[in-house]
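Data first, discussion second: the structure below is written as structure tokens.
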Number of protein chains: 2
Amino acid sequence: MPPHRTRRRIPDATVARLPIYLQILAEQSAGGVDNISSEGLADLAGVNAAKVRKDLSYLGSYGTRGVGYDVDHLVYQIRRELGLDHDWPVVIVGAGNLGQALAGYGGFNDRGFPVAGIVDIDPGKFDSVVAGARVRPLEELAQIVAAKGISIGVIATPPTAAQDAADRLVKAGVTSILNFAPIVLSVPVGIVVRKVDLAVELQILSYHEQRRSVADQNGQLHAVPAERGRGATA
Amino acid sequence: MPPHRTRRRIPDATVARLPIYLQILAEQSAGGVDNISSEGLADLAGVNAAKVRKDLSYLGSYGTRGVGYDVDHLVYQIRRELGLDHDWPVVIVGAGNLGQALAGYGGFNDRGFPVAGIVDIDPGKFDSVVAGARVRPLEELAQIVAAKGISIGVIATPPTAAQDAADRLVKAGVTSILNFAPIVLSVPVGIVVRKVDLAVELQILSYHEQRRSVADQNGQLHAVPAERGRGATA
DNA sequence: GGACGCATGTGCACGATTTCACAAAGCAGG
DNA sequence: CCTGCTTTGTGAAATCGTGCACATGCGTCC
Ligand SMILES: NC(=O)c1ccc[n+]([C@@H]2O[C@H](COP(=O)([O-])OP(=O)(O)OC[C@H]3O[C@@H](n4cnc5c(N)ncnc54)[C@H](O)[C@@H]3O)[C@@H](O)[C@H]2O)c1
Ligand SMILES: NC(=O)c1ccc[n+]([C@@H]2O[C@H](COP(=O)([O-])OP(=O)(O)OC[C@H]3O[C@@H](n4cnc5c(N)ncnc54)[C@H](O)[C@@H]3O)[C@@H](O)[C@H]2O)c1
């Protein structure tokens, strides 16, 4: 058998938490902290310490028993595992309110996801400059993706155009999509899609508020339902 | 014992999917479809049909065996369960790029979450009108929350100010928070927080891209890793 | 009025994730 | 070097979520 398998497969739930740990660790590092225990990190992340240890164990054994983890080394390892040791240029489809806000947002560049292109279907938007990037016609999408070696696309079109945008992105060679339009996209297997949907988030909050009021009416004063509290002072 | 308990507790995973079903069902209803099977809905939502049935069964038995579900009735029931039978006014803290974009976004109002107020700490922003709402001083937050009966707050401040914003929201009486700042908030138990973090989403995509390239190098051409495909043509 | 076909609702097995609990391991102090 | 204290790394148990499989109930057609 081969020396060591491709690499451990990391559970989805863990992958979703690694960026949180990374953000906290980077802050700690900037603040001069050079060592942290699983419990310390857990408090700052608002999770259980055992979970932190198990999550980190998927990266390898980088802690020191009786001491904790070296913050900088952990930052390095998490970044490596997440593929953040180099930039991932992204292309934005749709240069409306949201598309422009995203393009102008420093958080993209700062975190290693430079906006390498932004396209729109409206000729009225062409060549307007949004935060350093010129808006290009939708037709140039494939060319931009190929020229810049882009594998991540962001959809910021109206819902009705989002499936078309996804199809074009996939055809152009993009393999990961971040979708801001409130519709379910259909894509070939192998393409990873993540959705950010404001309405969904608000409706989930609404559900909890609604439950709260129902519970109050029934005199269940502090029945401690399934709410989640966060620990630690960030 | 009482006639029937408060109401079934719905699993988090299900609550997170109900808004998706709702959106699809509303579309179908608008399109003249008046009946749908669990399989039809499952295809449109990109999930398993059994999951749809189990999810819907938490609302009660509203399907007809051999036939399917009445679309409008399902819309009604889901809306009721999510607490969408009345508006939930929200207050936005931070009137910067994001705060203004959100306030101006029709999606809030349309979906039953009217922006009842927006506050900022910067006097330069006071009284500027953002989509019908006047930006008010941060100090008026408590008053606005009380006057409008607000229970949901949105944080759109820089990360450094987000914890302070959360503290003020909680003190003002808000019990649900949607946080756009990339930090983990610390709040009392009972307060529900949801976070929307662009960097986290992109880093998760980055992880999958990174794995993809590692797999390619090892000649694992189509080893079908843990990717998720979506079904149906939306 | 009865037989047939279809789609729901759900028991059950399975898989994933979380949490517990503790042995193993590093460090400090004597 | 040995003892004691601390914190990791990880089996194993508990919990949660998913999907299969099928009995049940409803509508339709003869
Ligand atoms: N604005 C917000 O704060 C906000 C918040 C959450 C979600 N969203 C969602 O984000 C999406 C965009 O919102 P917005 O406010 O920017 O809308 P918008 O109308 O301002 O912008 C949409 C842009 O997409 C372009 N477009 C239309 N069809 C296209 C196509 N086929 N290919 C490429 N470009 C196309 C339009 O020309 C326009 O420039 C919507 O789906 C909306 O629901 C917006
Ligand atoms: N702009 C985007 O596209 C985008 C995308 C994702 C996430 N975010 C996040 O959203 C947040 C806001 O981003 P932005 O681009 O709007 O920033 P911004 O600087 O444009 O706006 C921040 C606003 O908050 C106000 N503010 C500062 N301290 C405050 C306080 N204590 N109380 C109330 N208001 C206060 C400021 O006066 C300013 O108006 C940031 O945390 C950012 O990381 C932004």
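Identifiers for the structure tokens are assigned positionally: chains receive A, B, ... in sequence, residues are indexed from 1 per chain, and ligands are indexed from 1 in the order shown.
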Show me which bits of chain A are within 12 Å of chain D, counting only C-alpha atoms (C1' of nucleotides), as a ChimeraX atom specification. /A:36-40,49-69
Keeping only N, CA and C atoms, write the selected residues to a file as an mmCIF file, in the first residue's frame.
data_model
loop_
_atom_site.group_PDB
_atom_site.id
_atom_site.type_symbol
_atom_site.label_atom_id
_atom_site.label_comp_id
_atom_site.auth_asym_id
_atom_site.auth_seq_id
_atom_site.Cartn_x
_atom_site.Cartn_y
_atom_site.Cartn_z
ATOM 1 N N ILE A 36 -1.987 28.531 22.905
ATOM 2 C CA ILE A 36 -3.391 28.500 23.315
ATOM 3 C C ILE A 36 -3.821 27.064 23.591
ATOM 4 N N SER A 37 -4.674 26.878 24.600
ATOM 5 C CA SER A 37 -5.156 25.540 24.912
ATOM 6 C C SER A 37 -6.460 25.291 24.167
ATOM 7 N N SER A 38 -6.847 24.033 24.058
ATOM 8 C CA SER A 38 -8.095 23.718 23.370
ATOM 9 C C SER A 38 -9.250 24.399 24.085
ATOM 10 N N GLU A 39 -9.123 24.514 25.401
ATOM 11 C CA GLU A 39 -10.213 25.147 26.125
ATOM 12 C C GLU A 39 -10.279 26.645 25.844
ATOM 13 N N GLY A 40 -9.112 27.263 25.771
ATOM 14 C CA GLY A 40 -9.080 28.692 25.465
ATOM 15 C C GLY A 40 -9.691 28.973 24.106
ATOM 16 N N ALA A 49 -14.625 22.135 24.167
ATOM 17 C CA ALA A 49 -13.178 21.937 24.037
ATOM 18 C C ALA A 49 -12.830 20.612 23.367
ATOM 19 N N ALA A 50 -13.604 19.580 23.661
ATOM 20 C CA ALA A 50 -13.327 18.278 23.056
ATOM 21 C C ALA A 50 -13.498 18.370 21.544
ATOM 22 N N LYS A 51 -14.459 19.173 21.126
ATOM 23 C CA LYS A 51 -14.700 19.327 19.700
ATOM 24 C C LYS A 51 -13.500 19.994 19.038
ATOM 25 N N VAL A 52 -12.974 20.990 19.699
ATOM 26 C CA VAL A 52 -11.796 21.670 19.162
ATOM 27 C C VAL A 52 -10.661 20.676 18.990
ATOM 28 N N ARG A 53 -10.431 19.869 20.012
ATOM 29 C CA ARG A 53 -9.315 18.919 19.927
ATOM 30 C C ARG A 53 -9.528 17.928 18.799
ATOM 31 N N LYS A 54 -10.763 17.427 18.696
ATOM 32 C CA LYS A 54 -11.029 16.462 17.636
ATOM 33 C C LYS A 54 -10.872 17.120 16.272
ATOM 34 N N ASP A 55 -11.397 18.318 16.140
ATOM 35 C CA ASP A 55 -11.270 19.037 14.865
ATOM 36 C C ASP A 55 -9.793 19.181 14.493
ATOM 37 N N LEU A 56 -9.000 19.657 15.452
ATOM 38 C CA LEU A 56 -7.592 19.908 15.155
ATOM 39 C C LEU A 56 -6.837 18.616 14.902
ATOM 40 N N SER A 57 -7.323 17.530 15.493
ATOM 41 C CA SER A 57 -6.607 16.266 15.322
ATOM 42 C C SER A 57 -6.663 15.778 13.870
ATOM 43 N N TYR A 58 -7.665 16.275 13.110
ATOM 44 C CA TYR A 58 -7.728 15.884 11.707
ATOM 45 C C TYR A 58 -6.578 16.486 10.911
ATOM 46 N N LEU A 59 -5.999 17.539 11.433
ATOM 47 C CA LEU A 59 -4.870 18.171 10.728
ATOM 48 C C LEU A 59 -3.568 17.441 11.016
ATOM 49 N N GLY A 60 -3.553 16.705 12.115
ATOM 50 C CA GLY A 60 -2.331 16.043 12.565
ATOM 51 C C GLY A 60 -2.166 16.316 14.051
ATOM 52 N N SER A 61 -1.081 15.856 14.618
ATOM 53 C CA SER A 61 -0.839 16.061 16.054
ATOM 54 C C SER A 61 0.081 17.246 16.265
ATOM 55 N N TYR A 62 -0.511 18.424 16.321
ATOM 56 C CA TYR A 62 0.321 19.608 16.414
ATOM 57 C C TYR A 62 0.292 20.274 17.777
ATOM 58 N N GLY A 63 -0.356 19.632 18.748
ATOM 59 C CA GLY A 63 -0.392 20.201 20.083
ATOM 60 C C GLY A 63 0.722 19.612 20.954
ATOM 61 N N THR A 64 0.928 20.226 22.113
ATOM 62 C CA THR A 64 1.892 19.684 23.070
ATOM 63 C C THR A 64 1.149 19.401 24.365
ATOM 64 N N ARG A 65 1.161 18.151 24.771
ATOM 65 C CA ARG A 65 0.406 17.768 25.960
ATOM 66 C C ARG A 65 0.912 18.508 27.189
ATOM 67 N N GLY A 66 -0.011 18.943 27.979
ATOM 68 C CA GLY A 66 0.336 19.703 29.170
ATOM 69 C C GLY A 66 0.575 21.171 28.883
ATOM 70 N N VAL A 67 0.630 21.544 27.590
ATOM 71 C CA VAL A 67 0.941 22.926 27.235
ATOM 72 C C VAL A 67 -0.160 23.566 26.391
ATOM 73 N N GLY A 68 -0.412 22.967 25.228
ATOM 74 C CA GLY A 68 -1.410 23.556 24.334
ATOM 75 C C GLY A 68 -0.889 23.579 22.901
ATOM 76 N N TYR A 69 -1.387 24.504 22.122
ATOM 77 C CA TYR A 69 -1.006 24.595 20.714
ATOM 78 C C TYR A 69 -0.236 25.883 20.455
#
Name each residue within 7 Å of ligand 1, counting only C-alpha atoms (C1' of nucleotides) and all ligand atoms, as a ChimeraX atom specification. /A:93-99,119-122,125,138,156-159,161-162,164-165,180-182,197-198 /B:101-102,104-105,107
Export, as a CSV table (one decimal), in the first residue's frame, the selected residues with N, CA, C and O atoms.
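Once everything was written out, this is result-v6.csv:
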chain,number,residue,atom,x,y,z
A,93,VAL,N,-20.5,37.4,-11.1
A,93,VAL,CA,-21.5,37.6,-12.2
A,93,VAL,C,-22.7,38.4,-11.7
A,93,VAL,O,-23.3,38.0,-10.7
A,94,GLY,N,-22.8,39.6,-12.3
A,94,GLY,CA,-23.9,40.5,-11.8
A,94,GLY,C,-23.3,41.7,-11.1
A,94,GLY,O,-22.8,41.5,-10.0
A,95,ALA,N,-23.3,42.8,-11.8
A,95,ALA,CA,-22.7,44.0,-11.2
A,95,ALA,C,-23.8,45.0,-10.7
A,95,ALA,O,-23.7,46.2,-10.9
A,96,GLY,N,-24.8,44.5,-10.0
A,96,GLY,CA,-25.8,45.3,-9.4
A,96,GLY,C,-25.4,45.8,-8.0
A,96,GLY,O,-24.2,46.0,-7.8
A,97,ASN,N,-26.4,46.1,-7.2
A,97,ASN,CA,-26.1,46.6,-5.9
A,97,ASN,C,-25.2,45.7,-5.1
A,97,ASN,O,-24.1,46.1,-4.6
A,98,LEU,N,-25.5,44.4,-5.1
A,98,LEU,CA,-24.8,43.5,-4.3
A,98,LEU,C,-23.4,43.2,-4.9
A,98,LEU,O,-22.4,43.3,-4.3
A,99,GLY,N,-23.4,43.0,-6.2
A,99,GLY,CA,-22.2,42.7,-7.0
A,99,GLY,C,-21.1,43.8,-6.8
A,99,GLY,O,-20.0,43.6,-6.5
A,119,VAL,N,-18.6,40.5,-14.4
A,119,VAL,CA,-19.4,40.6,-15.6
A,119,VAL,C,-20.8,40.9,-15.4
A,119,VAL,O,-21.4,40.6,-14.3
A,120,ASP,N,-21.5,41.5,-16.4
A,120,ASP,CA,-22.9,41.8,-16.4
A,120,ASP,C,-23.5,41.6,-17.7
A,120,ASP,O,-22.8,41.6,-18.7
A,121,ILE,N,-24.8,41.5,-17.8
A,121,ILE,CA,-25.5,41.4,-19.1
A,121,ILE,C,-25.9,42.7,-19.6
A,121,ILE,O,-26.2,42.9,-20.8
A,122,ASP,N,-25.9,43.7,-18.8
A,122,ASP,CA,-26.4,45.0,-19.1
A,122,ASP,C,-25.3,45.9,-19.7
A,122,ASP,O,-24.4,46.3,-19.0
A,125,LYS,N,-23.7,48.9,-18.1
A,125,LYS,CA,-22.8,48.7,-16.9
A,125,LYS,C,-21.3,48.5,-17.4
A,125,LYS,O,-20.4,48.6,-16.6
A,138,LEU,N,-21.0,39.8,-20.3
A,138,LEU,CA,-21.2,38.4,-19.9
A,138,LEU,C,-20.5,37.4,-20.8
A,138,LEU,O,-20.0,36.4,-20.4
A,156,ALA,N,-24.4,37.0,-8.3
A,156,ALA,CA,-25.1,38.2,-7.7
A,156,ALA,C,-26.0,38.8,-8.7
A,156,ALA,O,-26.2,40.0,-8.8
A,157,THR,N,-26.7,37.9,-9.4
A,157,THR,CA,-27.7,38.3,-10.4
A,157,THR,C,-29.1,38.2,-9.8
A,157,THR,O,-29.2,37.6,-8.7
A,158,PRO,N,-30.1,38.7,-10.4
A,158,PRO,CA,-31.5,38.5,-9.9
A,158,PRO,C,-31.7,37.0,-9.9
A,158,PRO,O,-31.1,36.2,-10.7
A,159,PRO,N,-32.6,36.5,-9.1
A,159,PRO,CA,-32.9,35.0,-9.0
A,159,PRO,C,-33.2,34.4,-10.4
A,159,PRO,O,-32.8,33.3,-10.7
A,161,ALA,N,-32.1,35.0,-13.2
A,161,ALA,CA,-30.9,34.8,-14.1
A,161,ALA,C,-29.9,33.9,-13.4
A,161,ALA,O,-28.9,33.5,-14.1
A,162,ALA,N,-30.1,33.5,-12.2
A,162,ALA,CA,-29.0,32.8,-11.5
A,162,ALA,C,-28.7,31.4,-12.1
A,162,ALA,O,-27.5,31.0,-12.1
A,164,ASP,N,-29.0,30.5,-15.1
A,164,ASP,CA,-28.2,30.7,-16.4
A,164,ASP,C,-26.8,31.1,-16.0
A,164,ASP,O,-25.8,30.6,-16.6
A,165,ALA,N,-26.6,31.9,-15.0
A,165,ALA,CA,-25.3,32.3,-14.6
A,165,ALA,C,-24.5,31.1,-14.2
A,165,ALA,O,-23.3,30.9,-14.5
A,180,PHE,N,-25.7,34.0,-4.2
A,180,PHE,CA,-26.4,34.9,-3.3
A,180,PHE,C,-27.9,35.1,-3.7
A,180,PHE,O,-28.6,35.7,-3.1
A,181,ALA,N,-28.2,34.4,-4.8
A,181,ALA,CA,-29.6,34.5,-5.3
A,181,ALA,C,-30.5,33.5,-4.6
A,181,ALA,O,-30.0,32.4,-4.3
A,182,PRO,N,-31.7,33.9,-4.2
A,182,PRO,CA,-32.5,33.0,-3.4
A,182,PRO,C,-33.2,31.9,-4.2
A,182,PRO,O,-34.4,31.8,-4.3
A,197,ASP,N,-28.3,33.1,1.8
A,197,ASP,CA,-29.6,33.6,1.6
A,197,ASP,C,-30.2,34.3,2.8
A,197,ASP,O,-30.5,33.7,3.9
A,198,LEU,N,-30.3,35.6,2.7
A,198,LEU,CA,-30.7,36.5,3.7
A,198,LEU,C,-32.1,36.1,4.2
A,198,LEU,O,-32.3,36.0,5.5
B,101,ALA,N,-26.8,48.9,1.8
B,101,ALA,CA,-27.2,48.0,0.8
B,101,ALA,C,-28.4,47.1,1.3
B,101,ALA,O,-29.4,46.9,0.6
B,102,LEU,N,-28.3,46.7,2.5
B,102,LEU,CA,-29.3,45.9,3.1
B,102,LEU,C,-30.6,46.7,3.3
B,102,LEU,O,-31.7,46.2,2.9
B,104,GLY,N,-31.5,49.2,1.6
B,104,GLY,CA,-32.1,49.5,0.3
B,104,GLY,C,-32.6,48.3,-0.4
B,104,GLY,O,-33.4,48.4,-1.4
B,105,TYR,N,-32.3,47.1,0.1
B,105,TYR,CA,-32.7,45.9,-0.6
B,105,TYR,C,-34.1,45.6,-0.4
B,105,TYR,O,-34.6,45.5,0.7
B,107,GLY,N,-35.7,42.9,-0.7
B,107,GLY,CA,-35.9,41.5,-0.2
B,107,GLY,C,-36.3,41.5,1.3
B,107,GLY,O,-37.0,40.6,1.7
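Relative to atom CA of A:Asp110, atom CA of A:Pro19 is found at 14.3 Å.
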All helix (DSSP H, G or I) residues (DSSP, backbone) inside stretch 13-219 of chain B, as a ChimeraX atom specification: /B:13-30,38-45,49-57,71-82,97-104,106-110,123-125,138-148,159-172,198-217
Tell me which of A:Ala166, A:Leu82, A:Ile177, A:Val196 sits closest to ligand 2, counting only C-alpha atoms and all ligand atoms.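 Counting only C-alpha atoms and all ligand atoms, the residue closest to ligand 2 is A:Val196.
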Given only C-alpha atoms and all ligand atoms as the counted atoms, nearest of A:Gln23, A:Thr160, A:Asn109, A:Gln100 to ligand 2: A:Gln100
Contacts from chain C to chain A, 8 Å maximum, only C-alpha atoms (C1' of nucleotides): show me the residue list as a ChimeraX atom specification. /C:17-19,25-27
How about saving the chosen residues, N, CA, C and O atoms (P, O5', C5', C4', C3', O3' and C1' of nucleotides) kept, as a PDB file, in the first residue's frame?
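That gives us selection_9.pdb:
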ATOM      1  P    DT C  17     -20.253  14.685   9.474  1.00  0.00           P
ATOM      2  O5'  DT C  17     -20.582  14.982  11.000  1.00  0.00           O
ATOM      3  C5'  DT C  17     -21.884  15.407  11.350  1.00  0.00           C
ATOM      4  C4'  DT C  17     -21.978  15.539  12.849  1.00  0.00           C
ATOM      5  C3'  DT C  17     -20.790  16.256  13.495  1.00  0.00           C
ATOM      6  O3'  DT C  17     -21.334  17.359  14.194  1.00  0.00           O
ATOM      7  C1'  DT C  17     -21.324  14.271  14.672  1.00  0.00           C
ATOM      8  P    DT C  18     -20.436  18.375  15.056  1.00  0.00           P
ATOM      9  O5'  DT C  18     -20.733  17.845  16.528  1.00  0.00           O
ATOM     10  C5'  DT C  18     -22.085  17.750  16.962  1.00  0.00           C
ATOM     11  C4'  DT C  18     -22.140  17.137  18.338  1.00  0.00           C
ATOM     12  C3'  DT C  18     -21.223  17.806  19.365  1.00  0.00           C
ATOM     13  O3'  DT C  18     -22.024  18.108  20.501  1.00  0.00           O
ATOM     14  C1'  DT C  18     -20.903  15.470  19.380  1.00  0.00           C
ATOM     15  P    DT C  19     -21.461  19.047  21.664  1.00  0.00           P
ATOM     16  O5'  DT C  19     -21.020  18.003  22.765  1.00  0.00           O
ATOM     17  C5'  DT C  19     -22.006  17.137  23.315  1.00  0.00           C
ATOM     18  C4'  DT C  19     -21.331  16.047  24.113  1.00  0.00           C
ATOM     19  C3'  DT C  19     -20.280  16.573  25.103  1.00  0.00           C
ATOM     20  O3'  DT C  19     -20.768  16.299  26.416  1.00  0.00           O
ATOM     21  C1'  DT C  19     -19.535  14.617  23.941  1.00  0.00           C
ATOM     22  P    DA C  25       2.730   7.848  25.209  1.00  0.00           P
ATOM     23  O5'  DA C  25       2.830   9.396  25.537  1.00  0.00           O
ATOM     24  C5'  DA C  25       2.210  10.333  24.678  1.00  0.00           C
ATOM     25  C4'  DA C  25       2.589  11.724  25.136  1.00  0.00           C
ATOM     26  C3'  DA C  25       4.083  11.876  25.433  1.00  0.00           C
ATOM     27  O3'  DA C  25       4.487  13.103  24.889  1.00  0.00           O
ATOM     28  C1'  DA C  25       2.813  12.532  27.295  1.00  0.00           C
ATOM     29  P    DG C  26       6.046  13.450  24.731  1.00  0.00           P
ATOM     30  O5'  DG C  26       6.097  14.857  25.455  1.00  0.00           O
ATOM     31  C5'  DG C  26       5.403  15.958  24.876  1.00  0.00           C
ATOM     32  C4'  DG C  26       5.260  17.024  25.932  1.00  0.00           C
ATOM     33  C3'  DG C  26       6.602  17.561  26.438  1.00  0.00           C
ATOM     34  O3'  DG C  26       6.525  18.962  26.422  1.00  0.00           O
ATOM     35  C1'  DG C  26       5.265  16.866  28.250  1.00  0.00           C
ATOM     36  P    DC C  27       7.825  19.854  26.474  1.00  0.00           P
ATOM     37  O5'  DC C  27       7.693  20.458  27.928  1.00  0.00           O
ATOM     38  C5'  DC C  27       6.503  21.150  28.289  1.00  0.00           C
ATOM     39  C4'  DC C  27       6.511  21.385  29.770  1.00  0.00           C
ATOM     40  C3'  DC C  27       7.857  21.862  30.321  1.00  0.00           C
ATOM     41  O3'  DC C  27       7.625  23.071  31.011  1.00  0.00           O
ATOM     42  C1'  DC C  27       6.992  20.070  31.612  1.00  0.00           C
TER      43       DC C  27
END
If DSSP is run on the backbone, what residues of stretch 25-200 of chain A are strand (DSSP E or B)? A reply as a ChimeraX atom specification would be ideal. /A:35-36,63-64,68-70,90-93,115-120,129-130,133-137,152-155,176-179,192-195
Selection from above, N, CA and C atoms, as a compact mmCIF listing (two decimals), in the first residue's frame, can you write it?
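What follows is the written file result25.txt:
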# COMPACT_ATOMS: atom_id res chain seq x y z
N ASN A 35 0.63 30.93 22.45
CA ASN A 35 0.21 29.57 22.78
C ASN A 35 -1.24 29.59 23.25
N ILE A 36 -1.99 28.53 22.90
CA ILE A 36 -3.39 28.50 23.32
C ILE A 36 -3.82 27.06 23.59
N GLY A 63 -0.36 19.63 18.75
CA GLY A 63 -0.39 20.20 20.08
C GLY A 63 0.72 19.61 20.95
N THR A 64 0.93 20.23 22.11
CA THR A 64 1.89 19.68 23.07
C THR A 64 1.15 19.40 24.36
N GLY A 68 -0.41 22.97 25.23
CA GLY A 68 -1.41 23.56 24.33
C GLY A 68 -0.89 23.58 22.90
N TYR A 69 -1.39 24.50 22.12
CA TYR A 69 -1.01 24.59 20.71
C TYR A 69 -0.24 25.88 20.46
N ASP A 70 0.76 25.80 19.58
CA ASP A 70 1.48 26.98 19.15
C ASP A 70 0.58 27.72 18.16
N VAL A 90 -11.48 35.19 -7.86
CA VAL A 90 -12.89 34.89 -8.09
C VAL A 90 -13.45 35.80 -9.19
N VAL A 91 -14.52 35.34 -9.80
CA VAL A 91 -15.21 36.18 -10.78
C VAL A 91 -16.63 36.38 -10.27
N ILE A 92 -17.12 37.61 -10.38
CA ILE A 92 -18.48 37.92 -9.93
C ILE A 92 -19.38 38.09 -11.14
N VAL A 93 -20.52 37.42 -11.12
CA VAL A 93 -21.50 37.56 -12.20
C VAL A 93 -22.65 38.41 -11.68
N VAL A 115 -10.83 39.80 -6.53
CA VAL A 115 -11.84 39.83 -7.58
C VAL A 115 -11.12 40.02 -8.92
N ALA A 116 -11.02 38.95 -9.67
CA ALA A 116 -10.25 38.99 -10.92
C ALA A 116 -11.12 39.38 -12.10
N GLY A 117 -12.40 39.54 -11.86
CA GLY A 117 -13.28 39.94 -12.96
C GLY A 117 -14.70 40.07 -12.48
N ILE A 118 -15.46 40.94 -13.15
CA ILE A 118 -16.87 41.07 -12.83
C ILE A 118 -17.61 41.31 -14.15
N VAL A 119 -18.64 40.52 -14.37
CA VAL A 119 -19.36 40.62 -15.65
C VAL A 119 -20.84 40.91 -15.41
N ASP A 120 -21.48 41.46 -16.44
CA ASP A 120 -22.90 41.77 -16.35
C ASP A 120 -23.50 41.64 -17.75
N VAL A 129 -16.06 51.25 -13.71
CA VAL A 129 -15.01 50.67 -12.88
C VAL A 129 -15.52 50.47 -11.45
N VAL A 130 -15.48 49.24 -11.00
CA VAL A 130 -15.91 48.93 -9.65
C VAL A 130 -14.70 48.46 -8.86
N ALA A 133 -11.78 46.95 -10.75
CA ALA A 133 -12.10 46.00 -11.83
C ALA A 133 -13.11 46.64 -12.79
N ARG A 134 -12.88 46.43 -14.08
CA ARG A 134 -13.80 46.97 -15.06
C ARG A 134 -14.89 45.94 -15.30
N VAL A 135 -16.14 46.37 -15.36
CA VAL A 135 -17.24 45.44 -15.63
C VAL A 135 -17.19 45.04 -17.10
N ARG A 136 -17.19 43.74 -17.35
CA ARG A 136 -17.10 43.24 -18.71
C ARG A 136 -18.40 42.55 -19.13
N PRO A 137 -18.59 42.40 -20.44
CA PRO A 137 -19.81 41.73 -20.92
C PRO A 137 -19.84 40.26 -20.49
N ILE A 152 -13.38 29.71 -8.77
CA ILE A 152 -14.50 30.07 -7.90
C ILE A 152 -15.31 31.22 -8.52
N GLY A 153 -16.61 31.02 -8.62
CA GLY A 153 -17.50 32.05 -9.16
C GLY A 153 -18.52 32.50 -8.13
N VAL A 154 -18.89 33.78 -8.20
CA VAL A 154 -19.89 34.32 -7.28
C VAL A 154 -21.08 34.80 -8.10
N ILE A 155 -22.27 34.37 -7.74
CA ILE A 155 -23.48 34.78 -8.45
C ILE A 155 -24.22 35.86 -7.69
N SER A 176 -16.44 25.79 -8.26
CA SER A 176 -17.06 26.13 -6.98
C SER A 176 -17.85 27.42 -7.15
N ILE A 177 -19.04 27.45 -6.59
CA ILE A 177 -19.92 28.61 -6.76
C ILE A 177 -20.47 29.08 -5.42
N LEU A 178 -20.40 30.39 -5.22
CA LEU A 178 -21.04 30.99 -4.07
C LEU A 178 -22.25 31.76 -4.58
N ASN A 179 -23.44 31.31 -4.20
CA ASN A 179 -24.68 31.85 -4.76
C ASN A 179 -25.43 32.75 -3.78
N VAL A 192 -19.15 22.26 -6.46
CA VAL A 192 -19.56 22.57 -5.09
C VAL A 192 -20.28 23.92 -5.07
N VAL A 193 -21.46 23.93 -4.51
CA VAL A 193 -22.23 25.17 -4.42
C VAL A 193 -22.50 25.50 -2.96
N ARG A 194 -22.31 26.75 -2.60
CA ARG A 194 -22.74 27.21 -1.29
C ARG A 194 -23.66 28.40 -1.49
N LYS A 195 -24.68 28.50 -0.67
CA LYS A 195 -25.65 29.56 -0.84
C LYS A 195 -25.70 30.46 0.37
Measure the distance from atom CA of B:Ala147 to atom 40 (C, counted along the ligand's line) of ligand 2 in Å and round it to one decimal. 27.0 Å
With only C-alpha atoms and all ligand atoms as the basis for distance, which of B:Leu84, B:Val184, B:Leu74, B:Val174 is at the shortest distance from ligand 2?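 Looking only at the distances to ligand 2, the closest residue turns out to be B:Val184.
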Of B:Val47, B:Ile204, B:Ala215, B:Ala103, the one sitting nearest ligand 2 when using only C-alpha atoms and all ligand atoms is B:Ala103
Select, from B:Ser206, B:Ser213, B:Ala42, B:Asp127, the residue with the minimum atom-to-atom distance to chain A, counting only C-alpha atoms. B:Ser206
